[in-house]
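Let me begin by presenting the structure, written as structure tokens, before commenting on it.
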Amino acid sequence: YEPNREFYYPEAGALWGNGYVKLYQITKEEEYLNLAENAAKQLVEIRNKKYREFSWGLPWKWHDCPNTFSFLITTVYGGEFFLNLYKVTKNKKYLGIAQSVGNWIINECGYKKEDEGIWFYYSDCEVFHYPIFNAISKASGYLAKLYMHTKKRHFQTMAELAAVYIINKQNRDGSWYYSNKSMYIDNIHTGYVIEGLCDVYEILPHMRKKLQKVLKAAGDFYWRNLYTPEGFGFEFKEG
């Protein structure tokens, strides 16, 4: 992967930016902060201007969805980067962008309410109007982080309802399928589900009792089925 204007991948840019933020936190070297802010500047420049709020998509067509649409998981990673940059700079511009990402998730990407909770669309592109559990969990964790920084109650409420939905979709063995259309269980997306719920657990104490058993079962499944005893990962669960 090499960034260029034609095929710049926003999720990778956000992950690189987060890496620079962490390096700055460890070393306090201004070079890393400058690199992080340059990454932020580029993400601002390539935001999807189809939408009112900040969001990002893919530079190519994917599953019959044109590259003019933004995607939930990509946008969450962008938002997390701007939140982390805000934490080290205290520049409210970055917090404003992070909050805009939350608004995009709720208002422009959209969600569906069910008896089991709520789930966010993977994209407002109609072909992705079904639950993809890892992205919903990551969005739940992200909205909890936004609540922590903004104290805006609707972010907390949406984070809780999405977390409850993910809890209700856990399989009896502690796992989650990729989506309600795919019985695929793999390492990276299982990790995303756990990561999002861990963020909710850490930030919203009243959710901890509900999440403790869920996360214990998820962790047991993860290490038992998707890693070797030596710590090497399996890409997916066989059978």
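Identifiers in the structure tokens: chain A, B, ... in order shown; residue index from 1 per chain; ligand index from 1 in order shown.
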Original post:
Among segment 20-211 of chain A, which residues carry a DSSP assignment of helix (DSSP H, G or I), reported as number ranges by chain?
Top reply: A: 20-27, 30-45, 72-89, 92-109, 126-128, 133-150, 153-168, 187-203, 205-211
Fewer than 2 positions away in the same chain doesn't count, so skip those; otherwise give me all residues within 8 Å of Glu160 of chain A, counting only C-alpha atoms, as a compact mmCIF listing (two decimals) with N, CA, C and O atoms, in the first residue's frame.
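Result file result01.txt:
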```txt
# COMPACT_ATOMS: atom_id res chain seq x y z
N SER A 140 -20.60 1.15 18.28
CA SER A 140 -21.10 1.27 19.65
C SER A 140 -19.99 1.79 20.57
O SER A 140 -20.19 2.72 21.35
N ALA A 144 -19.70 5.51 22.52
CA ALA A 144 -19.44 5.61 23.96
C ALA A 144 -18.27 6.56 24.23
O ALA A 144 -18.32 7.38 25.15
N GLN A 156 -24.53 8.28 24.24
CA GLN A 156 -24.57 7.19 25.21
C GLN A 156 -25.72 6.24 24.93
O GLN A 156 -25.54 5.01 24.93
N THR A 157 -26.89 6.79 24.68
CA THR A 157 -28.07 5.96 24.44
C THR A 157 -27.88 5.05 23.23
O THR A 157 -28.18 3.85 23.29
N MET A 158 -27.36 5.60 22.14
CA MET A 158 -27.17 4.80 20.94
C MET A 158 -26.08 3.75 21.14
O MET A 158 -26.17 2.62 20.64
N ALA A 162 -26.94 -0.29 20.78
CA ALA A 162 -26.19 -1.10 19.82
C ALA A 162 -25.43 -2.22 20.53
O ALA A 162 -25.35 -3.34 20.02
N ALA A 163 -24.88 -1.91 21.70
CA ALA A 163 -24.17 -2.95 22.47
C ALA A 163 -25.13 -4.06 22.88
O ALA A 163 -24.79 -5.25 22.82
N VAL A 164 -26.33 -3.69 23.29
CA VAL A 164 -27.34 -4.70 23.66
C VAL A 164 -27.68 -5.58 22.46
O VAL A 164 -27.83 -6.80 22.60
N VAL A 200 -17.16 -0.10 25.38
CA VAL A 200 -18.40 0.18 26.12
C VAL A 200 -18.23 -0.21 27.58
O VAL A 200 -18.63 0.54 28.49
N MET A 207 -22.98 -0.73 32.33
CA MET A 207 -23.09 -1.83 31.37
C MET A 207 -22.19 -3.01 31.74
O MET A 207 -22.26 -4.07 31.09
```
Subject >> Given only C-alpha atoms as the counted atoms, nearest of A:Tyr86, A:Tyr178, A:Tyr122, A:Phe128 to Gln99 of chain A >> reply: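 Residue with the minimum atom-to-atom distance to Gln99 of chain A: A:Tyr86.
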Original post:
Neighbours of His63 of chain A within 12 Å (only C-alpha atoms; same-chain residues fewer than 3 positions away dropped), as number ranges by chain?
Top reply: A: 58, 60, 66-67, 69, 123, 125-128
Export of the given selection (all heavy atoms) as a JSON list (two decimals), in the first residue's frame:
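The result, stored in part_29.json:
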```json
[["chain", "number", "residue", "atom", "x", "y", "z"],
["A", 58, "LEU", "N", -14.57, 3.90, 0.39],
["A", 58, "LEU", "CA", -13.49, 3.19, -0.29],
["A", 58, "LEU", "C", -13.22, 3.85, -1.64],
["A", 58, "LEU", "O", -14.12, 4.42, -2.23],
["A", 58, "LEU", "CB", -13.90, 1.72, -0.52],
["A", 58, "LEU", "CG", -14.23, 0.91, 0.73],
["A", 58, "LEU", "CD1", -14.75, -0.47, 0.34],
["A", 58, "LEU", "CD2", -13.00, 0.78, 1.63],
["A", 60, "TRP", "N", -12.84, 2.43, -4.37],
["A", 60, "TRP", "CA", -13.25, 1.54, -5.45],
["A", 60, "TRP", "C", -14.67, 1.02, -5.17],
["A", 60, "TRP", "O", -15.14, 1.06, -4.04],
["A", 60, "TRP", "CB", -12.28, 0.36, -5.56],
["A", 60, "TRP", "CG", -12.00, -0.29, -4.25],
["A", 60, "TRP", "CD1", -12.81, -1.13, -3.54],
["A", 60, "TRP", "CD2", -10.83, -0.11, -3.45],
["A", 60, "TRP", "NE1", -12.22, -1.49, -2.36],
["A", 60, "TRP", "CE2", -10.99, -0.90, -2.27],
["A", 60, "TRP", "CE3", -9.64, 0.60, -3.62],
["A", 60, "TRP", "CZ2", -10.04, -0.96, -1.28],
["A", 60, "TRP", "CZ3", -8.69, 0.53, -2.62],
["A", 60, "TRP", "CH2", -8.89, -0.24, -1.47],
["A", 66, "PRO", "N", -21.36, 1.69, -5.31],
["A", 66, "PRO", "CA", -20.41, 2.63, -5.93],
["A", 66, "PRO", "C", -19.50, 3.27, -4.89],
["A", 66, "PRO", "O", -19.82, 3.36, -3.71],
["A", 66, "PRO", "CB", -21.32, 3.68, -6.58],
["A", 66, "PRO", "CG", -22.65, 3.01, -6.70],
["A", 66, "PRO", "CD", -22.76, 2.07, -5.54],
["A", 67, "ASN", "N", -18.35, 3.76, -5.35],
["A", 67, "ASN", "CA", -17.39, 4.38, -4.43],
["A", 67, "ASN", "C", -17.81, 5.78, -4.00],
["A", 67, "ASN", "O", -17.04, 6.48, -3.34],
["A", 67, "ASN", "CB", -15.99, 4.41, -5.04],
["A", 67, "ASN", "CG", -15.89, 5.28, -6.27],
["A", 67, "ASN", "OD1", -16.87, 5.87, -6.72],
["A", 67, "ASN", "ND2", -14.70, 5.36, -6.84],
["A", 69, "PHE", "N", -20.28, 6.18, -1.95],
["A", 69, "PHE", "CA", -20.87, 5.99, -0.62],
["A", 69, "PHE", "C", -19.78, 5.85, 0.44],
["A", 69, "PHE", "O", -18.67, 5.38, 0.17],
["A", 69, "PHE", "CB", -21.75, 4.74, -0.59],
["A", 69, "PHE", "CG", -23.05, 4.90, -1.34],
["A", 69, "PHE", "CD1", -23.12, 4.66, -2.70],
["A", 69, "PHE", "CD2", -24.20, 5.30, -0.67],
["A", 69, "PHE", "CE1", -24.31, 4.80, -3.39],
["A", 69, "PHE", "CE2", -25.41, 5.45, -1.35],
["A", 69, "PHE", "CZ", -25.45, 5.19, -2.72],
["A", 123, "SER", "N", -23.58, 0.85, 5.48],
["A", 123, "SER", "CA", -23.51, 2.01, 4.61],
["A", 123, "SER", "C", -24.94, 2.44, 4.32],
["A", 123, "SER", "O", -25.87, 1.65, 4.47],
["A", 123, "SER", "CB", -22.79, 1.66, 3.29],
["A", 123, "SER", "OG", -22.91, 2.72, 2.35],
["A", 125, "CYS", "N", -25.78, 2.92, 1.43],
["A", 125, "CYS", "CA", -26.02, 2.21, 0.19],
["A", 125, "CYS", "C", -26.92, 1.01, 0.49],
["A", 125, "CYS", "O", -26.63, 0.20, 1.37],
["A", 125, "CYS", "CB", -24.68, 1.74, -0.40],
["A", 125, "CYS", "SG", -24.82, 0.92, -2.00],
["A", 126, "GLU", "N", -28.01, 0.86, -0.25],
["A", 126, "GLU", "CA", -29.06, -0.09, 0.11],
["A", 126, "GLU", "C", -28.58, -1.54, 0.17],
["A", 126, "GLU", "O", -29.12, -2.34, 0.93],
["A", 126, "GLU", "CB", -30.23, 0.04, -0.86],
["A", 126, "GLU", "CG", -31.48, -0.69, -0.40],
["A", 126, "GLU", "CD", -32.68, -0.36, -1.26],
["A", 126, "GLU", "OE1", -32.60, 0.58, -2.07],
["A", 126, "GLU", "OE2", -33.71, -1.06, -1.11],
["A", 127, "VAL", "N", -27.56, -1.89, -0.61],
["A", 127, "VAL", "CA", -27.10, -3.28, -0.61],
["A", 127, "VAL", "C", -26.48, -3.67, 0.73],
["A", 127, "VAL", "O", -26.29, -4.86, 1.00],
["A", 127, "VAL", "CB", -26.09, -3.54, -1.76],
["A", 127, "VAL", "CG1", -26.73, -3.31, -3.10],
["A", 127, "VAL", "CG2", -24.82, -2.72, -1.59],
["A", 128, "PHE", "N", -26.18, -2.71, 1.57],
["A", 128, "PHE", "CA", -25.60, -2.98, 2.88],
["A", 128, "PHE", "C", -26.57, -2.70, 4.03],
["A", 128, "PHE", "O", -26.14, -2.44, 5.15],
["A", 128, "PHE", "CB", -24.31, -2.19, 3.08],
["A", 128, "PHE", "CG", -23.15, -2.73, 2.29],
["A", 128, "PHE", "CD1", -22.63, -2.02, 1.23],
["A", 128, "PHE", "CD2", -22.60, -3.97, 2.60],
["A", 128, "PHE", "CE1", -21.56, -2.52, 0.50],
["A", 128, "PHE", "CE2", -21.54, -4.47, 1.88],
["A", 128, "PHE", "CZ", -21.02, -3.75, 0.81]]
```
Original post:
Between A:Gln170, A:Asn180, A:Thr75, A:Asn18, which one has atoms that come closest to Ile105 of chain A, using only C-alpha atoms?
Top reply: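 Looking at the shortest contact to Ile105 of chain A, the residue is A:Thr75.
Comparing the minimum interatomic distances between Tyr165 of chain A and each of A:Ser182, A:Asn134, A:Thr89, A:Gln42, counting only C-alpha atoms, we find that A:Asn134 sits nearest.
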Original post:
Excluding same-chain residues fewer than 4 positions from segment 146-149 of chain A, what lies within 10 Å of it counting only C-alpha atoms, as an NGL selection string?
Top reply: :A and (79-80 or 83 or 86-87 or 95 or 98-99 or 101-102 or 140-142 or 153-159 or 203-204)
Original post:
Can you tell me, as a list in words, what residues are no more than 8 Å from Trp104 of chain A when counting only C-alpha atoms, ignoring any on the same chain fewer than 2 positions away?
Top reply: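 With the cut-off at 8 Å, the set is Arg52, Glu53, Phe54, Ser55, Ser100, Val101, Gly102, Ile106, Asn107, Glu108, Cys109 and Gly110 of chain A.
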Save the residues we just selected, N, CA, C and O atoms, as a tab-separated table (two decimals), in the first residue's frame?
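Done, and the output landed in out_39.tsv:
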```tsv
chain	number	residue	atom	x	y	z
A	52	ARG	N	-23.38	15.71	4.59
A	52	ARG	CA	-23.23	16.92	5.40
A	52	ARG	C	-22.16	16.72	6.47
A	52	ARG	O	-21.35	17.61	6.74
A	53	GLU	N	-22.15	15.54	7.08
A	53	GLU	CA	-21.23	15.24	8.17
A	53	GLU	C	-19.98	14.53	7.63
A	53	GLU	O	-19.95	14.06	6.50
A	54	PHE	N	-18.96	14.43	8.49
A	54	PHE	CA	-17.71	13.79	8.09
A	54	PHE	C	-17.88	12.28	7.98
A	54	PHE	O	-18.40	11.63	8.90
A	55	SER	N	-17.40	11.72	6.88
A	55	SER	CA	-17.38	10.27	6.69
A	55	SER	C	-16.43	9.94	5.55
A	55	SER	O	-16.01	10.82	4.79
A	100	SER	N	-18.87	15.08	14.45
A	100	SER	CA	-19.55	15.03	13.15
A	100	SER	C	-19.63	13.59	12.65
A	100	SER	O	-20.64	13.18	12.08
A	101	VAL	N	-18.57	12.81	12.89
A	101	VAL	CA	-18.58	11.40	12.52
A	101	VAL	C	-19.72	10.67	13.25
A	101	VAL	O	-20.46	9.88	12.65
A	102	GLY	N	-19.88	10.94	14.53
A	102	GLY	CA	-20.98	10.33	15.28
A	102	GLY	C	-22.33	10.72	14.70
A	102	GLY	O	-23.25	9.88	14.61
A	106	ILE	N	-25.33	8.11	13.00
A	106	ILE	CA	-26.73	8.04	13.45
A	106	ILE	C	-27.70	8.58	12.41
A	106	ILE	O	-28.73	7.96	12.12
A	107	ASN	N	-27.37	9.72	11.82
A	107	ASN	CA	-28.35	10.45	11.01
A	107	ASN	C	-28.24	10.21	9.51
A	107	ASN	O	-29.26	10.27	8.80
A	108	GLU	N	-27.03	9.97	9.01
A	108	GLU	CA	-26.86	9.85	7.56
A	108	GLU	C	-26.60	8.42	7.11
A	108	GLU	O	-27.11	7.99	6.07
A	109	CYS	N	-25.81	7.68	7.86
A	109	CYS	CA	-25.67	6.25	7.55
A	109	CYS	C	-26.97	5.55	7.92
A	109	CYS	O	-27.56	4.83	7.11
A	110	GLY	N	-27.43	5.76	9.15
A	110	GLY	CA	-28.73	5.26	9.55
A	110	GLY	C	-28.68	3.97	10.36
A	110	GLY	O	-27.64	3.32	10.47
```
Original post:
Using only C-alpha atoms, which of A:Lys237, A:Pro205, A:Phe232, A:Trp176 sits nearest Ala217 of chain A?
Top reply: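 Ranking A:Lys237, A:Pro205, A:Phe232, A:Trp176 by distance to Ala217 of chain A, first place goes to A:Trp176.
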**OP:** Please return as JSON, numbers by chain: the residues of segment 1-204 of chain A that backbone DSSP assigns to strand (DSSP E).
**Re:** {"A": [111, 112, 113, 114, 117, 118, 119, 120]}
**OP:** Identify, on the basis of only C-alpha atoms, every residue whose closest approach to Leu215 of chain A does not exceed 8 Å; exclude the query and any residue fewer than 5 positions from it along the same chain; express the result as a PyMOL selection string.
**Re:** chain A and resi 194+197-198
Please provide as a PDB file with N, CA and C atoms, in the first residue's frame all residues within 7 Å of Val193 of chain A, with the sequence filter that same-chain residues fewer than 5 positions apart are discarded (counting only C-alpha atoms).
```
ATOM      1  N   PHE A 133     -21.965  -7.463  12.223  1.00  0.00           N
ATOM      2  CA  PHE A 133     -21.844  -7.324  13.668  1.00  0.00           C
ATOM      3  C   PHE A 133     -20.568  -6.612  14.125  1.00  0.00           C
ATOM      4  N   ASN A 134     -19.450  -6.857  13.468  1.00  0.00           N
ATOM      5  CA  ASN A 134     -18.207  -6.227  13.929  1.00  0.00           C
ATOM      6  C   ASN A 134     -18.265  -4.715  13.781  1.00  0.00           C
ATOM      7  N   SER A 137     -20.525  -3.210  16.486  1.00  0.00           N
ATOM      8  CA  SER A 137     -19.856  -3.182  17.784  1.00  0.00           C
ATOM      9  C   SER A 137     -18.823  -2.061  17.858  1.00  0.00           C
ATOM     10  N   LYS A 138     -18.027  -1.905  16.792  1.00  0.00           N
ATOM     11  CA  LYS A 138     -17.052  -0.817  16.780  1.00  0.00           C
ATOM     12  C   LYS A 138     -17.743   0.539  16.849  1.00  0.00           C
TER      13      LYS A 138
END
```
